[in-house]
Amino acid sequence: MRCPDCDDRNEIDRREFIRTVAVGGVGLVTTAAPKLYGSSETSLVRPKAKERSETLVATLYKSLSEEQKQKVAFPFDHPLRSKVDNNWQITPVTIAEFFTPDQQAVIAEIFRGLHNPEFVDKVLYHINEDAGGLGKYSVALFGEPGGAFEFVLTGRHCTARCDGDSVEGTAFGGPIFYGHASQSFNEKPDHPKNVYWYQAKRANEVFQALDGKQRKIALLGDPRQEQGTATVELKRRGDKILGLPVSEMTRDQRELVRKVLGDLLLPFREADRAAALRDIEARGGFDELTMSFYKNMDIGNDGVWDVWQLESPSMVWYFRGAPHVHVWVNVHTRAGNV
C-alpha cells in the first residue's frame, strides 16, 4: 500500500539529498528540497539500511541553529522526554513552520526509518488523514547525539521516539502512542480503512478460541481511562492484573496470542521489535502476560471487542478502538517506571 499523497517524480533527488546530508550535513545541500509533507507533490522514499534514523538524528541536531536549539533542544533528563499522549505538541512549533525544507526532509526520513518498510506507507496514510501531513507535527531533541539522546515526534495520534538505546531496558525509547481515525471521528463497527484495526481482528480470534469459563475471566466491563502518561503506568510485581493469564491458556490459544504480539510489533522497525521482545522476556516473558477485553465500549454491540489489552509487570499494550483507534504502549524492564 502506498501513501495516497506520495509521488515518484522527486524520488531520485530526495535519495541523493538524504545520502548527502548523512555524510556532510544539511547545510551543504543546495538542490531543490521536496515540498511540505502531506502535499500531493510529496515524494517519500524508503530509507536505506545504512541510513539509520539515529544517524539522521545526529545530522538534524548538527544542522540546528542556536535559535532553533532554544526552541526544540532540551537536556536529556528533562521531564518532557517521558511524556506521552494521544494528541499533543511536544514543542509549540510545527515541523512545517519551524524547520528548513532540508531539515523537514531529514525529519521525514527519521520517522520513516522508525517503521517497518512494509508498513510505513500505511503509517503515513494515517498521518495525512488525521492531521494533513507530517508538517503539522512537532519535534523535540533531548541530550546530544554521541551521548544519551532522544528524538521525539508528536502530534495527532502519534508519539514516536528514536533514542539509539540511550534508555536501558526501555523499548521504543519510552512510552509511545499510535492511532487512526479513519473516515470519521466515530468509526463504524468494522473500522473501514483503519490501518491498525487488523490488530484488533487478530485479538478477537483469541477471544473466539476461549471456552466459556475463560471468556468470563477475560471479558471485563470498563477499561482504563486515558490520562496521558498515567495511562501506561506499569503494575508492580505482585499487583493484581485483571483478565485471563496467558499461562492458563491452551497451547493453541497461546499461539494465537503470539500472533497478536507479532501483529502489534509489525509496524515498527526490526531493531525496535527485537528490543521490545527482549524487554518483555526480561520480566518473566510471555507467560507473564494477561489478556483482557472490555464489553462496555463495543461499537455496534456486535461482540467484536473494540477495546482490549495485553499487560504484564513489564508491558502495557492498550488498544482502545472506540470511538476510533487509540493505542498506548509501554514496554519497560523496570516495573513502576515510564
# chains A, B, ... in the order shown; residues from 1 in each chain; ligands from 1
>>> closest_atom_pairs(of="segment 116-168 of chain A", to="segment 54-66 of chain A", cutoff="7 Å", atoms="only C-alpha atoms", output="CSV")
residue,atom,partner,partner_atom,distance
A:Pro145,CA,A:Ala58,CA,5.4
A:Phe151,CA,A:Val57,CA,6.9
A:Cys162,CA,A:Glu54,CA,6.7
A:Gly164,CA,A:Glu54,CA,5.9
>>> write_last_selection(atoms="C-alpha atoms", output="compact mmCIF listing (two decimals), in the first residue's frame")
# COMPACT_ATOMS: atom_id res chain seq x y z
CA PRO A 145 23.96 12.53 19.71
CA PHE A 151 14.35 12.41 19.26
CA CYS A 162 14.34 7.43 18.43
CA GLY A 164 19.79 4.86 20.00
>>> select_by_dssp(residues="segment 82-294 of chain A", states="helix (DSSP H, G or I)", output="PyMOL selection string")
chain A and resi 82+95-98+101-113+120-131+134-136+171-173+197-209+212-218+230-232+246-248+251-265+270-282+285-288
>>> write_last_selection(atoms="C-alpha atoms", output="compact mmCIF listing (two decimals), in the first residue's frame")
# COMPACT_ATOMS: atom_id res chain seq x y z
CA SER A 82 8.91 10.86 29.32
CA ILE A 95 7.78 20.92 11.53
CA ALA A 96 6.46 22.87 8.53
CA GLU A 97 6.71 26.33 10.08
CA PHE A 98 9.92 25.96 12.06
CA PRO A 101 12.93 22.32 3.88
CA ASP A 102 16.15 20.31 4.14
CA GLN A 103 15.57 19.68 7.84
CA GLN A 104 11.96 18.68 7.12
CA ALA A 105 13.27 16.07 4.68
CA VAL A 106 15.62 14.65 7.32
CA ILE A 107 12.81 14.51 9.90
CA ALA A 108 10.61 12.63 7.43
CA GLU A 109 13.36 10.06 6.87
CA ILE A 110 13.94 9.66 10.61
CA PHE A 111 10.24 8.95 11.04
CA ARG A 112 10.11 6.54 8.12
CA GLY A 113 13.15 4.72 9.44
CA VAL A 120 5.42 2.72 6.70
CA ASP A 121 3.15 3.88 3.87
CA LYS A 122 0.15 2.89 5.97
CA VAL A 123 1.51 4.95 8.86
CA LEU A 124 1.90 7.94 6.54
CA TYR A 125 -1.64 7.36 5.29
CA HIS A 126 -2.98 7.85 8.82
CA ILE A 127 -0.66 10.83 9.41
CA ASN A 128 -2.10 12.52 6.33
CA GLU A 129 -5.71 11.63 7.09
CA ASP A 130 -5.50 12.52 10.78
CA ALA A 131 -3.53 15.76 10.59
CA LEU A 134 3.88 15.32 8.89
CA GLY A 135 4.42 19.05 8.65
CA LYS A 136 1.67 19.54 11.24
CA ALA A 171 11.68 -0.47 24.28
CA PHE A 172 10.99 2.31 21.75
CA GLY A 173 12.88 4.77 23.96
CA TRP A 197 -7.78 -2.43 13.01
CA TYR A 198 -6.12 -5.65 11.82
CA GLN A 199 -4.57 -5.87 15.31
CA ALA A 200 -7.99 -5.99 16.97
CA LYS A 201 -9.25 -8.56 14.48
CA ARG A 202 -6.36 -10.82 15.47
CA ALA A 203 -7.04 -10.24 19.17
CA ASN A 204 -10.67 -11.20 18.70
CA GLU A 205 -9.53 -14.50 17.24
CA VAL A 206 -8.09 -15.22 20.66
CA PHE A 207 -11.41 -14.47 22.36
CA GLN A 208 -13.30 -16.70 19.93
CA ALA A 209 -10.90 -19.54 20.79
CA GLY A 212 -16.98 -20.20 28.35
CA LYS A 213 -15.12 -20.15 31.65
CA GLN A 214 -12.12 -18.41 30.12
CA ARG A 215 -14.32 -15.79 28.49
CA LYS A 216 -15.87 -14.87 31.82
CA ILE A 217 -12.39 -14.21 33.21
CA ALA A 218 -11.13 -12.34 30.13
CA ALA A 230 -0.54 7.85 33.51
CA THR A 231 -2.40 5.64 31.02
CA VAL A 232 0.67 3.45 30.61
CA VAL A 246 -1.73 -16.38 29.06
CA SER A 247 -0.13 -19.06 31.21
CA GLU A 248 -3.61 -20.53 31.77
CA ARG A 251 -1.21 -24.36 23.51
CA ASP A 252 -3.36 -23.33 20.53
CA GLN A 253 -4.68 -20.27 22.36
CA ARG A 254 -1.18 -19.25 23.36
CA GLU A 255 -0.08 -19.50 19.75
CA LEU A 256 -2.86 -17.09 18.80
CA VAL A 257 -1.63 -14.64 21.45
CA ARG A 258 1.87 -14.89 19.96
CA LYS A 259 0.36 -13.88 16.63
CA VAL A 260 -1.31 -10.91 18.32
CA LEU A 261 2.04 -9.83 19.71
CA GLY A 262 3.59 -10.20 16.28
CA ASP A 263 0.85 -8.05 14.75
CA LEU A 264 1.32 -5.38 17.42
CA LEU A 265 5.03 -5.18 16.63
CA GLU A 270 13.24 -4.65 13.18
CA ALA A 271 15.56 -3.28 15.89
CA ASP A 272 12.64 -1.99 17.97
CA ARG A 273 10.67 -5.21 17.53
CA ALA A 274 13.63 -7.20 18.81
CA ALA A 275 14.21 -4.83 21.73
CA ALA A 276 10.57 -4.99 22.76
CA LEU A 277 10.60 -8.79 22.80
CA ARG A 278 13.86 -8.79 24.76
CA ASP A 279 12.44 -6.43 27.37
CA ILE A 280 9.25 -8.46 27.70
CA GLU A 281 11.33 -11.58 28.28
CA ALA A 282 13.45 -9.80 30.89
CA GLY A 285 8.35 -13.25 29.35
CA PHE A 286 5.30 -14.41 27.50
CA ASP A 287 3.86 -16.33 30.45
CA GLU A 288 3.61 -13.12 32.49
>>> select_by_dssp(residues="segment 64-152 of chain A", states="strand (DSSP E)", output="PyMOL selection string")
chain A and resi 73-74+138-143+149-152
>>> write_last_selection(atoms="C-alpha atoms", output="PDB file, in the first residue's frame")
ATOM      1  CA  ALA A  73      16.532  21.068  22.238  1.00  0.00           C
ATOM      2  CA  PHE A  74      16.441  20.093  25.914  1.00  0.00           C
ATOM      3  CA  SER A 138       6.260  18.741  16.332  1.00  0.00           C
ATOM      4  CA  VAL A 139       9.743  17.564  17.253  1.00  0.00           C
ATOM      5  CA  ALA A 140      11.981  17.811  20.314  1.00  0.00           C
ATOM      6  CA  LEU A 141      15.544  16.595  20.860  1.00  0.00           C
ATOM      7  CA  PHE A 142      16.881  15.629  24.268  1.00  0.00           C
ATOM      8  CA  GLY A 143      20.588  15.384  25.066  1.00  0.00           C
ATOM      9  CA  PHE A 149      19.953  11.427  23.336  1.00  0.00           C
ATOM     10  CA  GLU A 150      16.382  11.058  22.171  1.00  0.00           C
ATOM     11  CA  PHE A 151      14.349  12.411  19.262  1.00  0.00           C
ATOM     12  CA  VAL A 152      10.593  12.641  19.906  1.00  0.00           C
TER      13      VAL A 152
END
>>> atom_distance(atom1="atom CA of His326 of chain A", atom2="atom CA of Val307 of chain A")
9.4 Å
>>> atom_distance(atom1="atom CA of Glu67 of chain A", atom2="atom CA of Pro92 of chain A")
14.2 Å
>>> residues_around(residues="segment 308-324 of chain A", least_positions_apart="4", cutoff="7 Å", atoms="only C-alpha atoms", output="PyMOL selection string")
chain A and resi 180-181+185-187+232+234-237+280+283+288-294+297+299+328-335
>>> residues_around(residues="Phe119 of chain A", least_positions_apart="2", cutoff="9 Å", atoms="only C-alpha atoms", output="number ranges by chain")
A: 1, 115-117, 121-123, 266-268
>>> closest_residue(among="A:Lys71, A:Lys188, A:His157, A:Arg224", to="Asp298 of chain A", atoms="only C-alpha atoms")
A:Lys188
>>> atom_distance(atom1="atom CA of Asn87 of chain A", atom2="atom CA of Thr154 of chain A")
7.6 Å
